[in-house]
Each structure stands twice: as structure tokens, then as C-alpha cells.
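Structure, as C-alpha cells:
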Amino acid sequence: MFPSLESWTGLPKGRSNSNNNNRDEEEKGHHRRPRHCTWEMPDLVSFNRLPARSSSLYPYESLAQAWRHDVERTTSMSSSSLSSLSTTTDTANTASQWVKSLNGIWDFTHTNLQDTLYNDSQSKSGRTTVKKGTIRVPGNWTLRQDESSSIGDDDYEDGPHYTNVQMPFAEQHPHVLPPHLNTVGIYSRSLDIPLEWKQMQKRIVLHIGGAESMIWVYCNSELVGMGKDSRLPSEFDLTDFLLHNNNNNHEEDETNNVLTIVCLRYCEASFIEDQDHWWMAGLYRDVYLYCTKTTYLQDVFASAILHLDDDNKDGGTLEMRCNVATRHARLGPYDNNTPVNATPDWVVVARLYETPPSLSPSPEEEEANLPEPILIIRSNEEPSDESPTVIVNRATLIHMETKLDQVKAWSHETPNLYTLVVELLDSKTMERLEITSTRIGFKCVEVKDRQLLLNGQPVYIYGVNRHDHSPTGGKCVTREEMRKDVELMKQYNFNAVRTSHYPNDPYFYELCNEYGLWVVDEANIESHANYDTLCRDKSYLHAFVDRMQRMVIRDQNHPCIFAWSLGNETGCGENHGAMAGWCKMYDRHRILQYEGAMHEQWCQGPNEYARRDVDLLSDIICPMYPSLEEMLEWKQKGDDRRPFIMCEYSHAMGNSNGGLSDYWKLIREHDGFQGGFIWDWIDQGLQVVVPSNHGDDNDERKSGMYWAYGGDFNDEPNDVNFNINGLIGPDRVPHPSMAECKYLFQPIAVTWLRMHQGLIRVENRRSFSSLRDLTASWHLRENGSIVASGDMPLLSSIGPGESENVIIPFKDIPSLLLPGAVYHVDLVFRTIHDTIWAPKNFEVARQQLELPWTAPEVEAVAIVENYTVDYIEHDNMDTSIVRACLDGKVIEMKTDNVKGIVTSIHCDDETLLTGGVLLNFWRAPTDNDGIKQQAPKGDDYTDQKPLWKWLAAGYDNPVFSKLDSELIKGRSPKEPIFVLKQRTLVTLTPSGRTYTKVAAYNAGTETSFEWIQEWRMERTGKMRYFMTVDLPVELPDLPRIGVCFRLAESYVDVRYMGLGPGENYSDRKAGCIFGCFQSPIHDMYENYVVPQEHGCRTGVQQVTFSGRAPTPLSFTASAHDQMSFTASYFDSHQITSAAHINDLNQPSVPHKEQVYVCLDYAQSGIGTRSCGPGTREDYLLYPGTYRFGFTIDFDRETSPKQE
């Protein structure tokens, strides 16, 4: 049964909205539009919704429960418990009897707004538009991946929708999709009120943690209230709507109360929720009831301020504001005769406890065994001149302030927490009315002289932006996933998070408090598609301020938060001024930031750092994606007191984060720069599994699992994979760029003082703690292999910000240095004990230093005594063979006399190398090179991406034609056994081929040049290869330059000496070390959501392929040179053509048959140009003359034994 129109709109009859007058008459007949469209009223943000309050202020039964503050079991369940829920087991084993979880299986109806308003069950075509079943809460109905759901996926069209800037529909604000297109989810379930709740004078509140995008709440078919704002909770008082209130015999009351929540997919608030992420729908965060007495704690705001002055340096001040409310007070007229300082009917008692190391003490802990509080404040205390406590008592508001002589500071290094227990008592009977608690921490946040000071220290911000995202749950993120996020951030040395671009799940902040991560908390406001307008639109003023107020109040007690953000990419207007003014008055102990204040008055143009009229909006300079040159220009002007902390930089889309080390070199070398927040944390891919027998001939999807992005759900318009820009994959597996972050953010730096004596300088880059929790060891490497190791002295004496000279106690220095070898020493720092975020012996930092030890190289000795060389030309003269018999080993080289290339190399009838040794410029484009799913848009930013220039130049399609070749046989012992010289014409031919769904570009003209090769069979039995190519200057920069070929399928392992162990590039290799590394070739593949260039290793001196083949194949860089290589079971053109990872697993693709190898002189850097500066000039490859060579070794004796 659907309620009436007036009931749904939540407005009395007769009220109209002038903004809708022009649309009242449209789509008459079946597609009707009501007069009172509450979903298109910007100034109506809620109806009958309770005031905001701090998160985690749960009512507890006892002091012991409140002290434990067990948020793990109070409201929510883990992913494992959610997966096991049935319709009968839908409540959590909560830590408080006054909290009842409503997570679980609900009845669900999916329909559209028109059908909901008018009880229409069929569309104009006769197709049923109402689907009924069950659904899991929390969750997104747009995903339909709930096993318990009875609604089939095949006919379900209301799926996820991804856009970046553009809105998902064409309507102009405040209007959204017409009712017949705007979908609705109707959630319903019975409410079983616990007996204990019925036996007291009570107040029962419904908490909805997050609903996208607008909700109406009904209890027993009566409208309770309405709320907007998808990322903050809505609470409603159900007390007067529950049927059991009318039954005095509570014990026998079996009345079945029915709760209904109607969720609308789009409303006018969607225009200020235009963030760069998935548009979802549904109740995606915890839903629960809680019960209090009729007089209750409406809110508690605790500010714990650390003292930094010399008089009380170890002390702090606790400021606490308590709001007390009574349900019945709102029923009667306000008494103007009541004095403001009248003695209230209640007493507030606050107790402060030091939180033990474990945040979940034993549930069996009794109140009598609780530790003594370090502080007790009572609101009825008589103030005295000697007391450090100030109490201001006003009817429904109490302010208490007291000083403490000694407190432990909260920081990212030392997250010392206190538990504040607040008790509300009846002033006459001293009966407990309510008891609750919250975690707090003492800190101090200031901005002085171009420095952000946290607890008095200028702390570098090693930050990252984070969306709430689950690959299977969408916006419904499990607590295990959130904890995994925080653990990874700590393990990779991050110390800060920006909750982009909305308040994250409240549990995430609890974890940040516990683990130690600074947080910039961002308001749920972004109107990117309406950048300049809504920030100045008076009808949206209330929504802007309301979202700021409710976020600040919800999260006010979390010590991890050091800054509030006014939102993202919403221009800079008067509405922001109202937000900032309220926030600065309400919370004086945190700073504000807003990137929109970094631009000119109109449009999202270049950063304008000289602007001063909006300093109120941001206490720091927080631009997006500045170049290094731009940063230096800001530094040189030197006329702004604020520090420079980038709210977004180093866009991590796909294979990315090139140049991150350059940013941090500049940041550390110049005052005023304090880091920033990488964009962003996790790829927003959604897991899709296509069965091998899905059988739809019209379905272009291939079988297998893949990560979906924009357009994969027929969501139009979309921005394809622009939401795939995380440092970790959707499955929370770190991408290789995380190693770069870990190194650049590590808390220790080591430099040489006197190399020959092993004297180093160890710098502690921590701000608040020593290195006493770490051990140190050294490892000596000879040609990349560890030949000696040892422990170093303990580091406990190195305090925060200090340095100390340490001698590496080399004891096993090789007495005889290996000729031509290179030596390095690794300094490794590990945890001494288990920590909350890492186990014992976890590697926190590593620094590799090069050693100056050298020994002269020994000239190679000829080992081939007997040899013959034959040249065999086939009858058609298209191919020929060079065969050399070397002391019984037969080496054959087959050549193509039309193309002028070597096509294969064999050893004793065993194929080693095939497919042709080809001059290679192409790499499968990274997202920074260009988004291959999008055609050029006609704008300079997109069309100047390297991908389109490379395709137009024909780098992907070189054509080879023989000019001439010559075979020279050696005649003396000092000459090579033979030399094969080849001169080839290379013509770059723009092919115009389509690699993915869309890949149109302006093809250029053909370009030709010579490629000269020389193959030298040395008397050592090794073959040396040299090539020279002179590229015309009119060509654009190059993706790479080198050669590519294929290896036989018997090669399955690779061992190399170079930079590793992970993927690295010329502009992203600081986090790698020089060593010897071994891996199966399939592990060289990096599972980027959109297949692209991957797996490169730079600084390589030697690489060897082996496996089932009897002959290993080694490639060694020419003397004093290095090279890079990639090895994959897919070639660059297959990867270029793939839109998803399952495109590379099809039977039509030769998978694990042959190994595709690229040996490169160099590869272009990867940069961050998908959003931000392009690859820096230092890392680009420009046309010119290139000479490149390596040595091939066919030594059978070096082959590892087959297992």
C-alpha cells in the first residue's frame, strides 16, 4: 500500500514551489508531475529529522560498557556475518542492550517515482515497473549482487552510473529526471521492540547511517520524516509512531510495527553531490535503533587541547559542551520567565580515563574493577578560585572546562587516546538517565609563518585521498575493508587522509584515531558541472551550511581530524563564506581548507595564489596538481603566510605516479612546502563475473572476471575509466607505485659521511618519537646478490628530528673483489615488536648506498677452438640462414631478406628466439599517455596527450624493408667468428587501426629512416648485438626505443640484475634497489584494471630467461651501459586492444604460448598526465641518433635445474 501524494511529498496541501510552475503541465497523461516536488526543493533539506550529534555516542547500560566503548560490536557486523544473515537472524550481537541493529534482510520494492506517487504498476507499454523481493541492508540496490535477493539480475537495468564532471542526466538544477524515470527503492521490515525498552519511559530513535540520495521514513504507514544528504546520517524519533505505546501490558504486547524507508535515486541535492565516483542508490551504511529515556544527552562536544607554552608544556585543557534535551519540553509553550541560569533537573558527570593499549577490554570487566579516572567533573560543583574547572550551566546546555597538568599527546606517531565517559543523572534521585562515551586525544593545530604546526612541530603531510569503495559492495564498505585500508596506509608510511569528497563511514575515523592518521574531513559538496553557480545560489545556501554543520558535529570528537574542508570543485561563492564563518566560530581548534579559494573569481582556471579576498575560506594553500615550476614561482614570491599543502597531486590513474620523487625533492629543499594528498587511494572498479556460458550473442562481454568502470553498465553519459585512479586495486592489492610512496615517506634517511670507513649519518624524520622501536641491519650486495649481512647498533638514542653518525660494522668484506663487479649496502629498519598495523620484523624503511669498491675488469678469454660458418640462402631468396658450429654447439640465425631482419635464433635445433628481432617504439598506452576508450574531444588538453601523437606518427606500425646486408667471416683469432650487418629501411605507417571501442585520431604522414644492425659472434661463444637509428626531428617524442622479439613457450622464469624487485620506470624508481631478482614470467604482469604498459625494469645489467628449456638465454647490457626490459605473455598490441583484464584471457589470444620480450635503450617516463602535469622533459625521449647494444649468452651450463 502506497501512501498518498501529500504524504510522500511531506508537505501540507496547498503549498507550492514556484520553481516548478513551468513544469507542472509537462508530460500530461501517464507521465504526471506533482505540484509539490520536495525532491526538487533545494531549501528543504529535511523534515522532522533530529539535530545532528556526534558519532559513536551510543547509550550504554553500565560504566564498564561505556569505558570499553566497543564500537566493533555496537551497531554493525563484519562482512562474514552479513553474508550469513537470513530473514530471521537480522540483528547484531551488540555491545549495548540499548542499541539494536537493523542490518540484515529487508523486504524490497523497486519501482519509479511516478508509480510510487500514483500507485501505477505498469508503464505505458504495459510492462510491469514494480519489482518485489528482498535485499540486504546495508547495500546498494544498483549492484544487485546479493545472493539472498529474489530479484533477477538479467532484467535489472537500474545499475551503477559513473561520471566525473557531467551530471548523469540532462535536466538543469533544481530539476532531476521526471518521475517515470527517477527510480525508487522501498525498504520495509517489521520492528520487534525489546522488552527492556517497553518497560521504561523511553525515546526510540532510528539511525540511518547513509542513504543515497533522499529518504522518506514511515512507521506503521505514518510519515515520520524526510532527509537529504547521501553521506551523513539521518535520525528520526519513532516513539510516537510505535503501536506498543498504546498498550499498557507491555509483556504481552506482540504488536507488529512496520518500518518503511523510501529511497529516491536522484533529487535536487544530487547537483551538489557531483563527485568523481559512482552514482549508486540505497541504504548503504548501518541502520539501527537506539533507546534513551525522555531526558537524554542530545550531544557531547569535547575539545582536548595540548599546551605548548613553557609554563605547562606537558599539560592540556579539556573543553566539553553537553546538550541535554527532554522530549516533552517541545510539547508545551516556552516559558519566558524561566531564568537562563536556573538549576536544571539533571546533573552531568564526566570521567576521563586513559585508554589502555587494547581498545576492546574483556567484556567481563566489572565496574568495581575499572581503573580510576584521571579526572571527574560534575556540573553541580560549586566553582572556587582554586579550582582549575570552569562550569557554565544553562538549562539545556552545559560548558565545562578544566586544565590537566600532564597529558599524553595524540599524533600519527603516538596515537594516545583517552576515553571520556559522560553520565546524565536525575538531580533529585541521582538515578542514571543515560551514560555514553567517546574517544578523545590531546593535540594542537596551528598555522604560523608558512608552517602547519601539529603539536608544535612542522609535520610533512604524506597524504592520500580516499573514497569509500568496495569492489563488491560499492559504497557499502565492510569494516574489514576499512581496516585493511588503514593498515596498508600505515605499512606504506602514509600519515594523513583526505576524505574525498564527502564524510567517510564513521568507523573509518575510529580506525584513524586508533592507528594514527591525520584526517582532512571534507563536506559532501561538489557541483563540478555547475561550478560557478550553485555556490552563489541562495536557494542552496541552507544545504551548503547544513552539510557543513552536520559533518562537523558528527565528527567533532575525533582527534584524528586536524582540518575541515568546505567541499570540492564547487567554485567560490557566498555560500562558502557562510560555511566558513559558522565553522570558525564553532570549532576554534582546527583549521579550514578549500581548494576553490585557490582560483580566480570565476571558472576553474589556473591557480591564482595572489588572491586575498577569500583567505577566510582556507588556512593553507591547497591547490590541485601544480607543476614544480608553479610551486617554485609561489615560493619566490614569498608574500603568503600560509603553508603549501596540495589537496591533490600525483594522479594515480593506472600505471602512474611518475615524478613523485621530484616533488619530494623540491618539498624537502624549500621552506613552506609540507606535502600533500595523492589522488587517490583505490581503483573504483566493480567486480563483474561473466560465466563462460552466458550465451547472449549480442553481449560483447567476454567470460571471466573483470573490474567494471564507466560505460560497463550501459550508463550514459559516462567518463569511462576516469574513476580507476588508485594506488591500490579494487581488491586492495597495492600497485607498484606504492613502493615509491613507502620509500619517499619513510621515517629514516641515511647518507654517506665517509664511505671507506663505513661511516653513515642516520636521520630520524619523525616529529614526535625516537627510533627505539626499530632494529637496524646491513646487507652487502655484490652484483646485486647478498654476500654478507650483520646487525647495526640500536637507534634508541636518535630522537625526533635528530641525526646520529653510525659505523656500519663490516666484518666480512670480500678479500678478493670480483673483477668488474658493483657493490651496494642495504640498510634495513624493522619493527622490534608487533604493532597494531604490522607484525614483528616488518620492514619500515630501507636505504641502499653504493660502495666505491672496484676491481679492474678482466678481458674475456676466447674459448671456441673449432668452428665453421655457413650461409644458406633458400631457393626463393626471401629467407636465408647463418649457421655456426662452435665446438659442437650449433647456432642458427634465420633472416628475412625482404624485411631485412633476423627472424629467429636456434641452438642445437632448439628454438630460442622467434617472431623477428624488430625495432620497437610502441608501448601499450598508459592512462597518462591517453585514455584509449575515448576519442580526442577537440580540446587542447585531451588532443595533446601523447597517445594521439604517437598513433598519428605511426609508432605502432613500423614497416621494414631490406636495403642491404653483409656476412663477414673472421680470418684471425682476434676477429669475431662472423659479423652479420643489416641495413634496413623503416617506414612509420599510421594504420588508423581501432584498438578499443573508440580510438579515432588524425593519422599523420609516413616517415622513413635507416636502421643499422650488427650481429657479432665472438670467440667467447657469445653474440654481441649493436644497432643505430637516426630518427627525423619532425617526429614527436617516443614511447620507447629498443627491440622486441618472442621467446619459446619453454621459457617460464626470468632472473635479472637491475632495479627491483617491483615494476619501475625512469621517473618512478626511487623506491627500488639494485639487486638480483628472480620471478616467474607470469608474475611480471601487473593487474591494472585497464590493461596497459606494465612490468618494466630499469637499470638492468643482465637478464636471463630459463625454465623447461635446456638452454638459458641471457642478455647483458654493453659495458658501462644499462637497459630496461619487459617480459609478458601478451604483446603490446594485444594489451592496447584490451579494455578489461578478461580481454586477455580469451582462447583467441595466444596465452602462455610465447613470451614477448622488449629490450630497450630506454622507455619514456610515465608521468601523471591523466590529470596533472605531463612527463617531465628529463624523462622524455626525443628524436635523434640512438645507439644500443647487448650481448646474448647461450651457455647451457648456467641453466637452473628443472624441478
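Ordered as shown in the C-alpha cells, chains take letters A, B, and onward, while each chain numbers its residues from 1 and ligands are numbered from 1 in the order shown.
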Next item on the list: Would you kindly return, as number ranges by chain, each protein, DNA or RNA residue with an atom no farther than 6 Å from any atom of range 103-117 of chain A, considering only C-alpha atoms and excluding same-chain residues fewer than 5 positions away?
Entry: A: 5, 87, 90, 129-137, 179-180, 182-189, 287
Those residues you just picked out, can you put them in a file as a PDB file, in the first residue's frame with N, CA and C atoms?
```pdb
ATOM      1  N   LEU A   5      -0.195  11.227  -2.192  1.00  0.00           N
ATOM      2  CA  LEU A   5       0.758  12.184  -2.733  1.00  0.00           C
ATOM      3  C   LEU A   5       1.258  13.136  -1.660  1.00  0.00           C
ATOM      4  N   THR A  87      16.524 -13.975   6.953  1.00  0.00           N
ATOM      5  CA  THR A  87      15.423 -13.076   7.324  1.00  0.00           C
ATOM      6  C   THR A  87      15.083 -13.166   8.795  1.00  0.00           C
ATOM      7  N   ASP A  90      18.570 -11.134  11.909  1.00  0.00           N
ATOM      8  CA  ASP A  90      18.893  -9.847  11.310  1.00  0.00           C
ATOM      9  C   ASP A  90      19.293  -8.812  12.340  1.00  0.00           C
ATOM     10  N   THR A 129       6.406  -2.219 -13.946  1.00  0.00           N
ATOM     11  CA  THR A 129       7.524  -1.398 -13.466  1.00  0.00           C
ATOM     12  C   THR A 129       7.821  -1.609 -11.995  1.00  0.00           C
ATOM     13  N   VAL A 130       7.049  -2.420 -11.319  1.00  0.00           N
ATOM     14  CA  VAL A 130       7.260  -2.682  -9.901  1.00  0.00           C
ATOM     15  C   VAL A 130       7.816  -4.087  -9.743  1.00  0.00           C
ATOM     16  N   LYS A 131       8.968  -4.192  -9.096  1.00  0.00           N
ATOM     17  CA  LYS A 131       9.590  -5.489  -8.827  1.00  0.00           C
ATOM     18  C   LYS A 131       9.736  -5.638  -7.323  1.00  0.00           C
ATOM     19  N   LYS A 132       9.330  -6.794  -6.814  1.00  0.00           N
ATOM     20  CA  LYS A 132       9.361  -7.021  -5.377  1.00  0.00           C
ATOM     21  C   LYS A 132      10.264  -8.199  -5.051  1.00  0.00           C
ATOM     22  N   GLY A 133      10.901  -8.104  -3.900  1.00  0.00           N
ATOM     23  CA  GLY A 133      11.776  -9.166  -3.455  1.00  0.00           C
ATOM     24  C   GLY A 133      12.346  -8.831  -2.099  1.00  0.00           C
ATOM     25  N   THR A 134      13.556  -9.250  -1.869  1.00  0.00           N
ATOM     26  CA  THR A 134      14.264  -8.907  -0.634  1.00  0.00           C
ATOM     27  C   THR A 134      15.612  -8.322  -0.988  1.00  0.00           C
ATOM     28  N   ILE A 135      16.213  -7.652  -0.019  1.00  0.00           N
ATOM     29  CA  ILE A 135      17.506  -7.007  -0.253  1.00  0.00           C
ATOM     30  C   ILE A 135      18.273  -6.949   1.054  1.00  0.00           C
ATOM     31  N   ARG A 136      19.578  -6.909   0.954  1.00  0.00           N
ATOM     32  CA  ARG A 136      20.420  -6.820   2.136  1.00  0.00           C
ATOM     33  C   ARG A 136      20.697  -5.358   2.490  1.00  0.00           C
ATOM     34  N   VAL A 137      20.619  -5.069   3.760  1.00  0.00           N
ATOM     35  CA  VAL A 137      20.966  -3.744   4.287  1.00  0.00           C
ATOM     36  C   VAL A 137      22.097  -3.932   5.300  1.00  0.00           C
ATOM     37  N   PRO A 179       9.483  11.891 -12.981  1.00  0.00           N
ATOM     38  CA  PRO A 179       9.142  10.810 -12.048  1.00  0.00           C
ATOM     39  C   PRO A 179       9.138   9.421 -12.653  1.00  0.00           C
ATOM     40  N   HIS A 180       8.772   9.275 -13.936  1.00  0.00           N
ATOM     41  CA  HIS A 180       8.709   7.930 -14.504  1.00  0.00           C
ATOM     42  C   HIS A 180      10.094   7.374 -14.802  1.00  0.00           C
ATOM     43  N   ASN A 182      12.847   8.407 -12.629  1.00  0.00           N
ATOM     44  CA  ASN A 182      13.588   8.520 -11.378  1.00  0.00           C
ATOM     45  C   ASN A 182      13.215   7.328 -10.490  1.00  0.00           C
ATOM     46  N   THR A 183      14.166   6.468 -10.251  1.00  0.00           N
ATOM     47  CA  THR A 183      13.847   5.199  -9.586  1.00  0.00           C
ATOM     48  C   THR A 183      13.770   5.348  -8.073  1.00  0.00           C
ATOM     49  N   VAL A 184      13.027   4.412  -7.476  1.00  0.00           N
ATOM     50  CA  VAL A 184      12.756   4.411  -6.048  1.00  0.00           C
ATOM     51  C   VAL A 184      12.979   3.006  -5.509  1.00  0.00           C
ATOM     52  N   GLY A 185      13.559   2.923  -4.329  1.00  0.00           N
ATOM     53  CA  GLY A 185      13.653   1.667  -3.607  1.00  0.00           C
ATOM     54  C   GLY A 185      12.870   1.774  -2.317  1.00  0.00           C
ATOM     55  N   ILE A 186      11.938   0.872  -2.100  1.00  0.00           N
ATOM     56  CA  ILE A 186      11.101   0.896  -0.901  1.00  0.00           C
ATOM     57  C   ILE A 186      11.532  -0.263  -0.004  1.00  0.00           C
ATOM     58  N   TYR A 187      12.121   0.075   1.121  1.00  0.00           N
ATOM     59  CA  TYR A 187      12.603  -0.902   2.091  1.00  0.00           C
ATOM     60  C   TYR A 187      11.575  -1.043   3.198  1.00  0.00           C
ATOM     61  N   SER A 188      11.300  -2.279   3.609  1.00  0.00           N
ATOM     62  CA  SER A 188      10.305  -2.478   4.655  1.00  0.00           C
ATOM     63  C   SER A 188      10.681  -3.678   5.508  1.00  0.00           C
ATOM     64  N   ARG A 189      10.383  -3.581   6.802  1.00  0.00           N
ATOM     65  CA  ARG A 189      10.618  -4.689   7.713  1.00  0.00           C
ATOM     66  C   ARG A 189       9.822  -4.460   8.985  1.00  0.00           C
ATOM     67  N   VAL A 287      22.109   0.680   9.704  1.00  0.00           N
ATOM     68  CA  VAL A 287      20.792   1.145  10.154  1.00  0.00           C
ATOM     69  C   VAL A 287      20.531   0.481  11.501  1.00  0.00           C
TER      70      VAL A 287
END
```
Margin query: So that I can check the surroundings of range 788-805 of chain A, please list as an NGL selection string every protein, DNA and RNA residue that reaches within 10 Å of it, counting only C-alpha atoms and ignoring chain neighbours fewer than 3 positions away.
Written below: :A and (457 or 747-753 or 759-782 or 785 or 808-814 or 825-829)
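Distances here use only C-alpha atoms; by that measure, the residue among A:Met1023, A:Val176, A:Val348, A:Leu370 closest to Leu425 in chain A is A:Val348.
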Next item on the list: Can you check which residues of range 410-458 of chain A DSSP gives as strand (DSSP E) on the backbone and send them as a PyMOL selection string?
Entry: chain A and resi 418-426+432-440+445-448+451-454+457-458
Could you please take those selected residues and save N, CA and C atoms as a compact mmCIF listing (two decimals), in the first residue's frame?
```txt
# COMPACT_ATOMS: atom_id res chain seq x y z
N TYR A 418 42.26 8.85 25.00
CA TYR A 418 41.57 8.86 26.28
C TYR A 418 40.10 8.53 26.04
N THR A 419 39.48 7.96 27.05
CA THR A 419 38.04 7.69 26.98
C THR A 419 37.31 8.66 27.88
N LEU A 420 36.43 9.42 27.29
CA LEU A 420 35.60 10.36 28.03
C LEU A 420 34.22 9.73 28.23
N VAL A 421 33.86 9.44 29.48
CA VAL A 421 32.57 8.85 29.81
C VAL A 421 31.69 9.96 30.39
N VAL A 422 30.54 10.14 29.80
CA VAL A 422 29.63 11.20 30.22
C VAL A 422 28.34 10.56 30.71
N GLU A 423 27.94 10.95 31.92
CA GLU A 423 26.78 10.35 32.57
C GLU A 423 25.78 11.45 32.88
N LEU A 424 24.51 11.16 32.60
CA LEU A 424 23.42 12.09 32.89
C LEU A 424 22.60 11.50 34.03
N LEU A 425 22.44 12.30 35.12
CA LEU A 425 21.75 11.83 36.32
C LEU A 425 20.56 12.74 36.63
N ASP A 426 19.55 12.15 37.26
CA ASP A 426 18.44 12.94 37.80
C ASP A 426 18.96 13.67 39.03
N ARG A 432 20.50 7.20 37.19
CA ARG A 432 21.16 7.36 35.90
C ARG A 432 20.13 7.43 34.79
N LEU A 433 20.16 8.51 34.05
CA LEU A 433 19.28 8.67 32.90
C LEU A 433 19.94 8.16 31.62
N GLU A 434 21.24 8.38 31.51
CA GLU A 434 21.97 7.92 30.32
C GLU A 434 23.46 7.94 30.63
N ILE A 435 24.19 7.03 29.99
CA ILE A 435 25.64 7.06 30.07
C ILE A 435 26.19 6.74 28.69
N THR A 436 27.15 7.49 28.25
CA THR A 436 27.74 7.32 26.93
C THR A 436 29.23 7.62 27.00
N SER A 437 29.92 7.47 25.89
CA SER A 437 31.36 7.71 25.91
C SER A 437 31.85 8.04 24.51
N THR A 438 33.05 8.57 24.45
CA THR A 438 33.72 8.86 23.18
C THR A 438 35.21 8.84 23.40
N ARG A 439 35.96 8.57 22.35
CA ARG A 439 37.42 8.64 22.40
C ARG A 439 37.87 10.05 22.06
N ILE A 440 38.84 10.54 22.79
CA ILE A 440 39.40 11.85 22.50
C ILE A 440 40.91 11.77 22.56
N VAL A 445 46.66 22.35 16.82
CA VAL A 445 46.78 22.62 15.40
C VAL A 445 46.91 24.13 15.19
N GLU A 446 48.00 24.55 14.54
CA GLU A 446 48.24 25.98 14.31
C GLU A 446 48.84 26.17 12.92
N VAL A 447 48.70 27.39 12.41
CA VAL A 447 49.39 27.80 11.19
C VAL A 447 50.18 29.06 11.51
N LYS A 448 51.50 28.97 11.35
CA LYS A 448 52.37 30.11 11.64
C LYS A 448 53.53 30.15 10.63
N GLN A 451 53.96 27.56 7.99
CA GLN A 451 54.09 26.22 8.52
C GLN A 451 52.77 25.77 9.16
N LEU A 452 52.39 24.56 8.84
CA LEU A 452 51.34 23.89 9.58
C LEU A 452 52.00 23.19 10.75
N LEU A 453 51.64 23.61 11.96
CA LEU A 453 52.24 23.05 13.18
C LEU A 453 51.23 22.12 13.84
N LEU A 454 51.58 20.88 13.93
CA LEU A 454 50.79 19.88 14.63
C LEU A 454 51.52 19.55 15.91
N GLN A 457 54.98 21.07 15.95
CA GLN A 457 56.02 20.65 15.01
C GLN A 457 55.51 20.77 13.57
N PRO A 458 56.39 21.21 12.65
CA PRO A 458 56.00 21.23 11.24
C PRO A 458 56.06 19.82 10.65
```
Note to self: For a quick check of understanding, using only C-alpha atoms, which of A:Asp237, A:Glu382, A:Asp158, A:Asp929 has the smallest distance to Asn48 in chain A?
What the structure shows: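 Residue with the minimum atom-to-atom distance to Asn48 in chain A: A:Asp237.
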Next item on the list: Within 8 Å of range 683-689 of chain A, counting only C-alpha atoms, which residues show up once you throw out same-chain ones fewer than 2 positions away? Write them as a list in words, please.
Entry: His277, Trp278, His469, Ser470, Pro471, Thr472, Gly474, Trp681, Pro691, Ser703, Gly704, Met705, Tyr706, Trp707, Ala708, Tyr709, Asn723, Ile724, Asn725, Gly726, Leu727, Ile728, Gly729, Pro730 and Val1089 of chain A
Note to self: One decimal, in Å: what's the spacing between CA of Phe1188 in chain A and CA of Tyr1129 in chain A?
What the structure shows: 24.6 Å
Check: Looking at A:Lys428, A:Lys408, A:Lys889, A:Arg68, which one is nearest to Gly1021 in chain A, with distances taken over only C-alpha atoms?
Finding: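 Nearest candidate to Gly1021 in chain A out of A:Lys428, A:Lys408, A:Lys889, A:Arg68: A:Lys889.
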Note to self: Would you compute the distance between CA of Met400 in chain A and CA of Ser379 in chain A? Give it in Å to one decimal.
What the structure shows: 7.5 Å
Notebook entry, point to check: Which is closest to Val45 in chain A among A:Trp1015, A:Tyr284, A:Tyr353, A:Trp216, if we use only C-alpha atoms?
Noted result: A:Trp216
Can you list, as an mmCIF file with C-alpha atoms, in the first residue's frame, all residues belonging to range 164-265 of chain A that DSSP tags as helix (DSSP H, G or I)?
```cif
data_model
loop_
_atom_site.group_PDB
_atom_site.id
_atom_site.type_symbol
_atom_site.label_atom_id
_atom_site.label_comp_id
_atom_site.auth_asym_id
_atom_site.auth_seq_id
_atom_site.Cartn_x
_atom_site.Cartn_y
_atom_site.Cartn_z
ATOM 1 C CA LEU A 195 11.092 -5.922 26.250
ATOM 2 C CA GLU A 196 13.540 -3.793 28.257
ATOM 3 C CA TRP A 197 12.726 -0.814 26.024
ATOM 4 C CA LYS A 198 8.995 -1.219 26.622
ATOM 5 C CA THR A 239 8.498 6.933 19.765
ATOM 6 C CA ASP A 240 5.082 8.395 18.969
ATOM 7 C CA PHE A 241 4.640 6.188 15.917
ATOM 8 C CA LEU A 243 1.977 0.950 18.274
ATOM 9 C CA HIS A 244 3.056 -0.629 21.567
ATOM 10 C CA ASN A 245 2.909 2.789 23.209
ATOM 11 C CA ASN A 246 -0.857 2.428 23.394
ATOM 12 C CA HIS A 250 3.989 -4.443 27.724
ATOM 13 C CA GLU A 251 4.946 -8.015 28.491
ATOM 14 C CA GLU A 252 2.077 -9.371 26.368
#
```
Notebook entry, point to check: Pick from A:Gly784, A:Lys981, A:Val864, A:Val497: nearest to Pro1061 in chain A, with only C-alpha atoms counted?
Noted result: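 Checking each candidate against Pro1061 in chain A, we get A:Gly784 as the closest.
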